[in-house]
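Asker: Take this structure, written in C-alpha cells, and hold onto it; I'll ask about it next.
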Amino acid sequence: MLLEELVEVADAMAATRSRLAKSAALAAVLRRLDESEVVPAVGMLLGRPRQGRVGVGWRSLQSAAAAAEASERATLEVAELDRAFERLAGLEGAGSTGERTRLLAELSARATEPEQRFIARVLLGDVRTGALEGVMLEAIAEASGRPVAVVRRAAMLSGDLGETARLALHGDEGALEAVGLVVGRPVLPMLAASAPTAADAVAGTGEASVEYKLDGARIQVHRAGDEVRVFTRNLADITHRLPEVVAAARELPVRDVILDGETLALDESDAPRPFQETMSRFGAEAARETVLRPWFFDVLHLDGRDLIDEPLRLRRAELARIAGRYAIPGEVTADPEIAERVSREALAAGHEGVVVKAIDSAYAAGRRGSSWVKVKPVYTYDLVVLGAEWGYGRRTGFLSNLHLGARDPEGEFGEPGGFVMVGKTFKGLTDALLRWQTERFGELESSRTEQAVFVRPEIVVEIGIDGVQRSSRYPGGLALRFARVKRYRDDKSPAEADTIQTLRALLPG
DNA sequence: TTCCGACAGTGGGGTCGCAAT
DNA sequence: ATTGCGACCCCACTATCGGAA
C-alpha cells in the first residue's frame with residue numbers, strides 16, 4: 001500500500017471528532033492492507049513504530065528537515081517506510097547521529113509534504129488523529145467482524161495491538177480466542193482510578209483489599225522454572241537491570257508464576273527512599289549500591305493455572321501463600337474506618353497512600369476501571385504566577401503552562417520579598433480559565449519571548465501537589481511534584497503567598 | 001433525555017546512556 | 001569533562017463522544 005493512503009486516512013480522522021467516523025475510516029484502511037503491512041501500519045497510525053525506539057526526536061527531525069525538499073509525487077510505500085525505521089533503529093555508535101540525519105533527509109526527500117508531516121508525527125509519537133488504542137480496537141473489530149470484547153482481550157493479554165490486528169484480519173479461525181496468558185510474555189497491567197479519601201474509595205468498591213501504595217516503579221515478573229523476566233508498566237524488558245528482583249522471584253516456592261508489583265529503594269531501616277533514588281537505580285544498566293526491593297500485590301498465573309479471571313479474594317490468598325515477605329502490606333475490609341486507618345499507617349511508614357481494590361473483581365488487564373482506586377493526600381499551596389507559556393494543539397493561542405513562584409521573604413534568591421520559581425503546571429485549567437488568564441496576563445505583561453509571556457507577580461493561584469523533590473533545574477533547589485491548579489485566589493495578595501521555606505520543609509529527609 | 005465510562009490530549013518532574021563537542 | 005538528545009519512569013486533569021440508564 002502507498003503511504004499516501006495511510007496519511008489520507010490519518011488526516012481524515014484528525015478532521016472529524018466523531019469516534020465512529022474515525023473507526024470506520026480506520027477499518028476501511030485496515031481491510032485493504034496486505035497481511036505483512038498490518039503490523040507496521042498499525043504501529044504508524046498509533047505513533048508507535050513497531051521497531052520501538054528509533055532514536056529520532058525533535059532535534060533530529062529539524063536537522064533533517066533543513067536538508068530536504070518534498071517530493072511532488074507520492075511514491076513511498078508503507079513497507080519502505082517500515083524498512084527506513086528499521087535502518088534508523090539499528091544505528092548506533094560513533095557517527096550514528098550524522099548517519100541518522102542523512103537517512104532521515106533521504107527519506108524526507110522521497111516523501112510529499114503531507115507524508116513528511118505524517119512521518120514526523122509518527123516518529124515523535126504524536127499523531128494527533130484522535131484515534132489511539134481505544135479507537136483502533138473498535139476499528140480492528142469492525143474491520144474483521146470480530147466482537148470487540150474478543151479483540152480487546154487478545155490485545156490486553158498479548159500487549160500488542162498490531163499483532164492482534166493481524167490475527168483478527170488474517171489469522172486462522174479461533175486464533176484470537178486462543179490468545180492467552182503466556183509466562184514470559186508481558187500483559188498490559190491493570191490501572192487504578194482515584195478518589196480523595198480511602199473511605200470514599202471503599203464506599204465505591206464495597207469490600208476491598210486496602211493495600212499500601214508504594215512510590216516506586218511498576219514491575220511485572222514472569223518466572224518459568226529458573227528463567228525470570230521483569231517488565232515495566234509499558235512492557236519494556238528490564239530484567240538485566242534488576243538482578244535483586246530476579247533473585248527474589250527465584251526464591252519463591254513456585255515453578256511458574258506471573259506477578260504484578262512495585263519495586264523501590266529502601267534505607268537501612270526499610271523506610272522508602274525518594275522516588276528519584278529509585279529511578280536512579282532503576283534506569284542504570286550497571287549494578288549500583290542502592291538495592292531495589294520488590295513488593296508483589298497480585299498474581300496472574302500460578303503453576304499452570306491462569307488466575308486473571310478469578311476474584312481478587314482468591315488471587316490474594318494465593319499471593320499470601322507464595323510471596324511471603326514480598327507481599328504488599330494491606331487489609332481486607334468493607335469498613336471505611338479501617339480503610340482510613342490502613343491509609344494512615346501507609347503514610348506514617350513513608351509511603352504514598354493506598355490502593356483500594358474491590359475484593360471480588362477480576363484482573364482487568366490494561367483497563368482503568370473502578371475496581372482499583374488509588375488514594376493519595378493532596379497538599380495545597382498559594383503560589384504566584386510569574387509567567388505562562390503559549391499552549392499547543394487545542395490550546396494554541398492561549399497562555400497555558402504557568403510558571404509558579406514561591407515567596408522569598410529573606411531575599412535568598414534576589415530582592416527580599418521577591419519570588420523564586422519552583423515549577424510549572426498546565427493541569428486543572430478549564431477552557432474558561434484559559435481564556436481568562438490569556439487576557440489577564442496580557443494586561444500584566446512585563447516581557448515576553450517566543451514561547452512565553454512574563455508577568456508582574458500580582459496573581460495568586462492555589463496549587464495542588466503530591467509533594468516536592470530536589471531539583472537542579474530551579475534556583476530554589478526544589479521542584480513541585482504533579483502540580484495542578486485548584487483555583488485562582490483573587491482574595492489573596494502576593495505578599496500572602498507561601499514561601500520557599502515552607503516548601504523546603506516538605507523535602508524528604 | 002440525562003448520565004457517566006472510557007479516551008485522547010496537554011503537558012509536568014526526574015533519571016539514565018550515548019554521541020557530539 | 002560537559003552538554004544535548006532520546007527514551008522512559010512517575011503523573012493529574014478536562015473535554016468529548018457515544019452507549020447506558
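Residue numbers start at 1 in each chain; chains themselves are named A, B, ... in the order of the C-alpha cells; ligands are numbered from 1 in the order shown.
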Within 10 Å of DA7 (chain C), counting only C-alpha atoms (C1' of nucleotides), which residues show up once you throw out same-chain ones fewer than 2 positions away? Write them as number ranges by chain, please.

Answerer: A: 52-55, 57; B: 16-17; C: 5, 9

Asker: Any idea which chain C residues end up within 8 Å of chain A if we count only C-alpha atoms (C1' of nucleotides), as a PyMOL selection string please?

Answerer: chain C and resi 5-7+9-14+17

Asker: Please produce a file of those selected residues containing N, CA and C atoms (P, O5', C5', C4', C3', O3' and C1' of nucleotides), as a PDB file, in the first residue's frame.

Answerer:
ATOM      1  P    DC C   5      19.338  19.517  22.080  1.00  0.00           P
ATOM      2  O5'  DC C   5      19.142  17.952  21.920  1.00  0.00           O
ATOM      3  C5'  DC C   5      19.984  17.238  21.008  1.00  0.00           C
ATOM      4  C4'  DC C   5      19.653  15.771  21.068  1.00  0.00           C
ATOM      5  C3'  DC C   5      18.153  15.474  21.049  1.00  0.00           C
ATOM      6  O3'  DC C   5      17.927  14.581  19.984  1.00  0.00           O
ATOM      7  C1'  DC C   5      19.215  14.343  22.859  1.00  0.00           C
ATOM      8  P    DG C   6      16.465  14.228  19.508  1.00  0.00           P
ATOM      9  O5'  DG C   6      16.202  12.839  20.234  1.00  0.00           O
ATOM     10  C5'  DG C   6      17.045  11.731  19.929  1.00  0.00           C
ATOM     11  C4'  DG C   6      16.711  10.573  20.830  1.00  0.00           C
ATOM     12  C3'  DG C   6      15.206  10.275  20.943  1.00  0.00           C
ATOM     13  O3'  DG C   6      15.047   8.888  20.715  1.00  0.00           O
ATOM     14  C1'  DG C   6      16.174  10.496  23.100  1.00  0.00           C
ATOM     15  P    DA C   7      13.608   8.233  20.749  1.00  0.00           P
ATOM     16  O5'  DA C   7      13.608   7.510  22.168  1.00  0.00           O
ATOM     17  C5'  DA C   7      14.627   6.546  22.438  1.00  0.00           C
ATOM     18  C4'  DA C   7      14.444   6.023  23.842  1.00  0.00           C
ATOM     19  C3'  DA C   7      12.997   5.662  24.177  1.00  0.00           C
ATOM     20  O3'  DA C   7      12.991   4.374  24.772  1.00  0.00           O
ATOM     21  C1'  DA C   7      13.883   7.105  25.816  1.00  0.00           C
ATOM     22  P    DC C   9       9.847   2.269  30.950  1.00  0.00           P
ATOM     23  O5'  DC C   9       9.800   2.421  32.526  1.00  0.00           O
ATOM     24  C5'  DC C   9       8.816   3.215  33.090  1.00  0.00           C
ATOM     25  C4'  DC C   9       9.351   3.865  34.337  1.00  0.00           C
ATOM     26  C3'  DC C   9       8.226   4.537  35.095  1.00  0.00           C
ATOM     27  O3'  DC C   9       7.655   3.614  35.989  1.00  0.00           O
ATOM     28  C1'  DC C   9       9.956   6.097  34.752  1.00  0.00           C
ATOM     29  P    DC C  10       6.086   3.581  36.120  1.00  0.00           P
ATOM     30  O5'  DC C  10       5.781   4.950  36.882  1.00  0.00           O
ATOM     31  C5'  DC C  10       6.174   5.084  38.241  1.00  0.00           C
ATOM     32  C4'  DC C  10       6.091   6.537  38.636  1.00  0.00           C
ATOM     33  C3'  DC C  10       4.715   7.161  38.456  1.00  0.00           C
ATOM     34  O3'  DC C  10       3.876   6.789  39.528  1.00  0.00           O
ATOM     35  C1'  DC C  10       6.357   8.645  37.683  1.00  0.00           C
ATOM     36  P    DC C  11       2.302   6.533  39.207  1.00  0.00           P
ATOM     37  O5'  DC C  11       1.807   7.953  38.683  1.00  0.00           O
ATOM     38  C5'  DC C  11       1.967   9.075  39.540  1.00  0.00           C
ATOM     39  C4'  DC C  11       1.686  10.364  38.799  1.00  0.00           C
ATOM     40  C3'  DC C  11       0.261  10.538  38.336  1.00  0.00           C
ATOM     41  O3'  DC C  11      -0.496  10.909  39.457  1.00  0.00           O
ATOM     42  C1'  DC C  11       1.854  11.510  36.828  1.00  0.00           C
ATOM     43  P    DA C  12      -2.047  10.989  39.444  1.00  0.00           P
ATOM     44  O5'  DA C  12      -2.337  12.463  38.928  1.00  0.00           O
ATOM     45  C5'  DA C  12      -1.724  13.576  39.584  1.00  0.00           C
ATOM     46  C4'  DA C  12      -2.463  14.838  39.205  1.00  0.00           C
ATOM     47  C3'  DA C  12      -3.976  14.732  39.365  1.00  0.00           C
ATOM     48  O3'  DA C  12      -4.454  15.992  39.793  1.00  0.00           O
ATOM     49  C1'  DA C  12      -3.414  14.975  37.050  1.00  0.00           C
ATOM     50  P    DC C  13      -5.949  16.215  40.210  1.00  0.00           P
ATOM     51  O5'  DC C  13      -6.602  16.725  38.852  1.00  0.00           O
ATOM     52  C5'  DC C  13      -6.107  17.923  38.259  1.00  0.00           C
ATOM     53  C4'  DC C  13      -6.594  17.991  36.834  1.00  0.00           C
ATOM     54  C3'  DC C  13      -8.098  17.805  36.673  1.00  0.00           C
ATOM     55  O3'  DC C  13      -8.661  19.082  36.536  1.00  0.00           O
ATOM     56  C1'  DC C  13      -6.804  16.818  34.916  1.00  0.00           C
ATOM     57  P    DT C  14     -10.229  19.294  36.274  1.00  0.00           P
ATOM     58  O5'  DT C  14     -10.357  19.387  34.697  1.00  0.00           O
ATOM     59  C5'  DT C  14      -9.655  20.409  34.011  1.00  0.00           C
ATOM     60  C4'  DT C  14     -10.000  20.371  32.545  1.00  0.00           C
ATOM     61  C3'  DT C  14     -11.506  20.420  32.251  1.00  0.00           C
ATOM     62  O3'  DT C  14     -11.691  21.303  31.158  1.00  0.00           O
ATOM     63  C1'  DT C  14     -10.546  18.461  31.289  1.00  0.00           C
ATOM     64  P    DC C  17     -17.839  15.772  20.558  1.00  0.00           P
ATOM     65  O5'  DC C  17     -17.912  14.170  20.580  1.00  0.00           O
ATOM     66  C5'  DC C  17     -16.752  13.416  20.251  1.00  0.00           C
ATOM     67  C4'  DC C  17     -17.044  11.959  20.515  1.00  0.00           C
ATOM     68  C3'  DC C  17     -18.389  11.487  19.979  1.00  0.00           C
ATOM     69  O3'  DC C  17     -18.182  10.307  19.232  1.00  0.00           O
ATOM     70  C1'  DC C  17     -18.199  11.018  22.320  1.00  0.00           C
TER      71       DC C  17
END

Asker: Give me the residues near Met136 (chain A) as a list in words, where near means some atom within 10 Å (using only C-alpha atoms (C1' of nucleotides)) and where sequence neighbours in that chain fewer than 2 positions away do not count.

Answerer: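 The residues satisfying every condition are Lys22, Ser23, Ala24, Leu26, Ala27, Leu30, Val42, Leu45, Leu46, Ala131, Leu132, Glu133, Gly134, Glu138, Ala139, Ile140, Ala141, Glu142, Leu161, Gly162 and Ala165 of chain A.
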
Asker: Using DSSP on the backbone, list every residue of region 323-419 of chain A that comes out as strand (DSSP E), and give them as number ranges by chain.

Answerer: A: 330-333, 353-358, 372-375, 379-390, 399-408, 418-419

Asker: Could you find all residues in region 223-436 of chain A that DSSP calls helix (DSSP H, G or I) from the backbone, and write them as a PyMOL selection string?

Answerer: chain A and resi 239-241+243-251+275-283+312-326+336-348+393-395+431-436

Asker: Take CA of Ala479 (chain A) and CA of Val385 (chain A) and report the distance between them in Å, one decimal.

Answerer: 15.0 Å

Asker: Counting only C-alpha atoms (C1' of nucleotides), which residues of chain B come no farther than 8 Å from chain A, as a PyMOL selection string?

Answerer: chain B and resi 7-8+10-16+19

Asker: Would you write out those residues with N, CA and C atoms (P, O5', C5', C4', C3', O3' and C1' of nucleotides), as a JSON list (two decimals), in the first residue's frame?

Answerer:
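For reference, out18.json as written:
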[["chain", "number", "residue", "atom", "x", "y", "z"],
["B", 7, "DC", "P", -10.88, 2.70, 26.97],
["B", 7, "DC", "O5'", -10.50, 3.92, 26.05],
["B", 7, "DC", "C5'", -11.39, 4.96, 25.95],
["B", 7, "DC", "C4'", -11.00, 5.92, 24.87],
["B", 7, "DC", "C3'", -9.50, 6.08, 24.64],
["B", 7, "DC", "O3'", -9.30, 6.26, 23.24],
["B", 7, "DC", "C1'", -10.41, 8.07, 25.66],
["B", 8, "DA", "P", -7.86, 6.41, 22.63],
["B", 8, "DA", "O5'", -7.63, 7.98, 22.58],
["B", 8, "DA", "C5'", -8.52, 8.78, 21.83],
["B", 8, "DA", "C4'", -8.16, 10.24, 22.00],
["B", 8, "DA", "C3'", -6.68, 10.56, 21.80],
["B", 8, "DA", "O3'", -6.61, 11.64, 20.89],
["B", 8, "DA", "C1'", -7.43, 11.41, 23.89],
["B", 10, "DT", "P", -3.55, 18.61, 22.16],
["B", 10, "DT", "O5'", -2.87, 19.08, 23.53],
["B", 10, "DT", "C5'", -3.59, 19.92, 24.40],
["B", 10, "DT", "C4'", -2.88, 20.03, 25.72],
["B", 10, "DT", "C3'", -1.35, 20.22, 25.60],
["B", 10, "DT", "O3'", -0.97, 21.45, 26.20],
["B", 10, "DT", "C1'", -1.91, 18.60, 27.23],
["B", 11, "DG", "P", 0.33, 22.26, 25.69],
["B", 11, "DG", "O5'", 1.42, 21.12, 25.78],
["B", 11, "DG", "C5'", 2.59, 21.24, 26.58],
["B", 11, "DG", "C4'", 2.37, 20.68, 27.97],
["B", 11, "DG", "C3'", 3.64, 20.32, 28.72],
["B", 11, "DG", "O3'", 4.14, 21.45, 29.41],
["B", 11, "DG", "C1'", 1.81, 18.81, 29.12],
["B", 12, "DG", "P", 5.63, 21.42, 29.90],
["B", 12, "DG", "O5'", 5.52, 20.72, 31.35],
["B", 12, "DG", "C5'", 4.98, 21.46, 32.43],
["B", 12, "DG", "C4'", 5.08, 20.67, 33.69],
["B", 12, "DG", "C3'", 6.48, 20.14, 34.02],
["B", 12, "DG", "O3'", 7.16, 21.13, 34.79],
["B", 12, "DG", "C1'", 4.85, 18.45, 34.34],
["B", 13, "DG", "P", 8.75, 21.12, 34.83],
["B", 13, "DG", "O5'", 9.09, 19.86, 35.74],
["B", 13, "DG", "C5'", 8.95, 19.93, 37.15],
["B", 13, "DG", "C4'", 9.31, 18.60, 37.75],
["B", 13, "DG", "C3'", 10.69, 18.08, 37.36],
["B", 13, "DG", "O3'", 11.68, 18.58, 38.27],
["B", 13, "DG", "C1'", 9.10, 16.35, 37.20],
["B", 14, "DG", "P", 13.20, 18.44, 37.89],
["B", 14, "DG", "O5'", 13.47, 16.86, 37.92],
["B", 14, "DG", "C5'", 13.49, 16.17, 39.16],
["B", 14, "DG", "C4'", 13.63, 14.68, 38.88],
["B", 14, "DG", "C3'", 14.96, 14.28, 38.24],
["B", 14, "DG", "O3'", 15.83, 13.80, 39.28],
["B", 14, "DG", "C1'", 13.14, 13.24, 37.11],
["B", 15, "DT", "P", 17.36, 13.61, 38.96],
["B", 15, "DT", "O5'", 17.39, 12.22, 38.18],
["B", 15, "DT", "C5'", 17.19, 11.00, 38.87],
["B", 15, "DT", "C4'", 17.29, 9.86, 37.88],
["B", 15, "DT", "C3'", 18.60, 9.82, 37.11],
["B", 15, "DT", "O3'", 19.53, 8.97, 37.75],
["B", 15, "DT", "C1'", 16.74, 9.53, 35.64],
["B", 16, "DC", "P", 21.05, 9.02, 37.22],
["B", 16, "DC", "O5'", 21.02, 8.13, 35.90],
["B", 16, "DC", "C5'", 20.74, 6.74, 35.97],
["B", 16, "DC", "C4'", 20.55, 6.22, 34.57],
["B", 16, "DC", "C3'", 21.79, 6.34, 33.70],
["B", 16, "DC", "O3'", 22.49, 5.11, 33.74],
["B", 16, "DC", "C1'", 19.83, 7.13, 32.54],
["B", 19, "DA", "P", 27.12, 5.73, 21.08],
["B", 19, "DA", "O5'", 27.11, 7.22, 20.52],
["B", 19, "DA", "C5'", 25.91, 7.71, 19.94],
["B", 19, "DA", "C4'", 26.08, 9.17, 19.58],
["B", 19, "DA", "C3'", 27.40, 9.50, 18.88],
["B", 19, "DA", "O3'", 27.10, 10.36, 17.80],
["B", 19, "DA", "C1'", 27.21, 10.77, 20.88]]
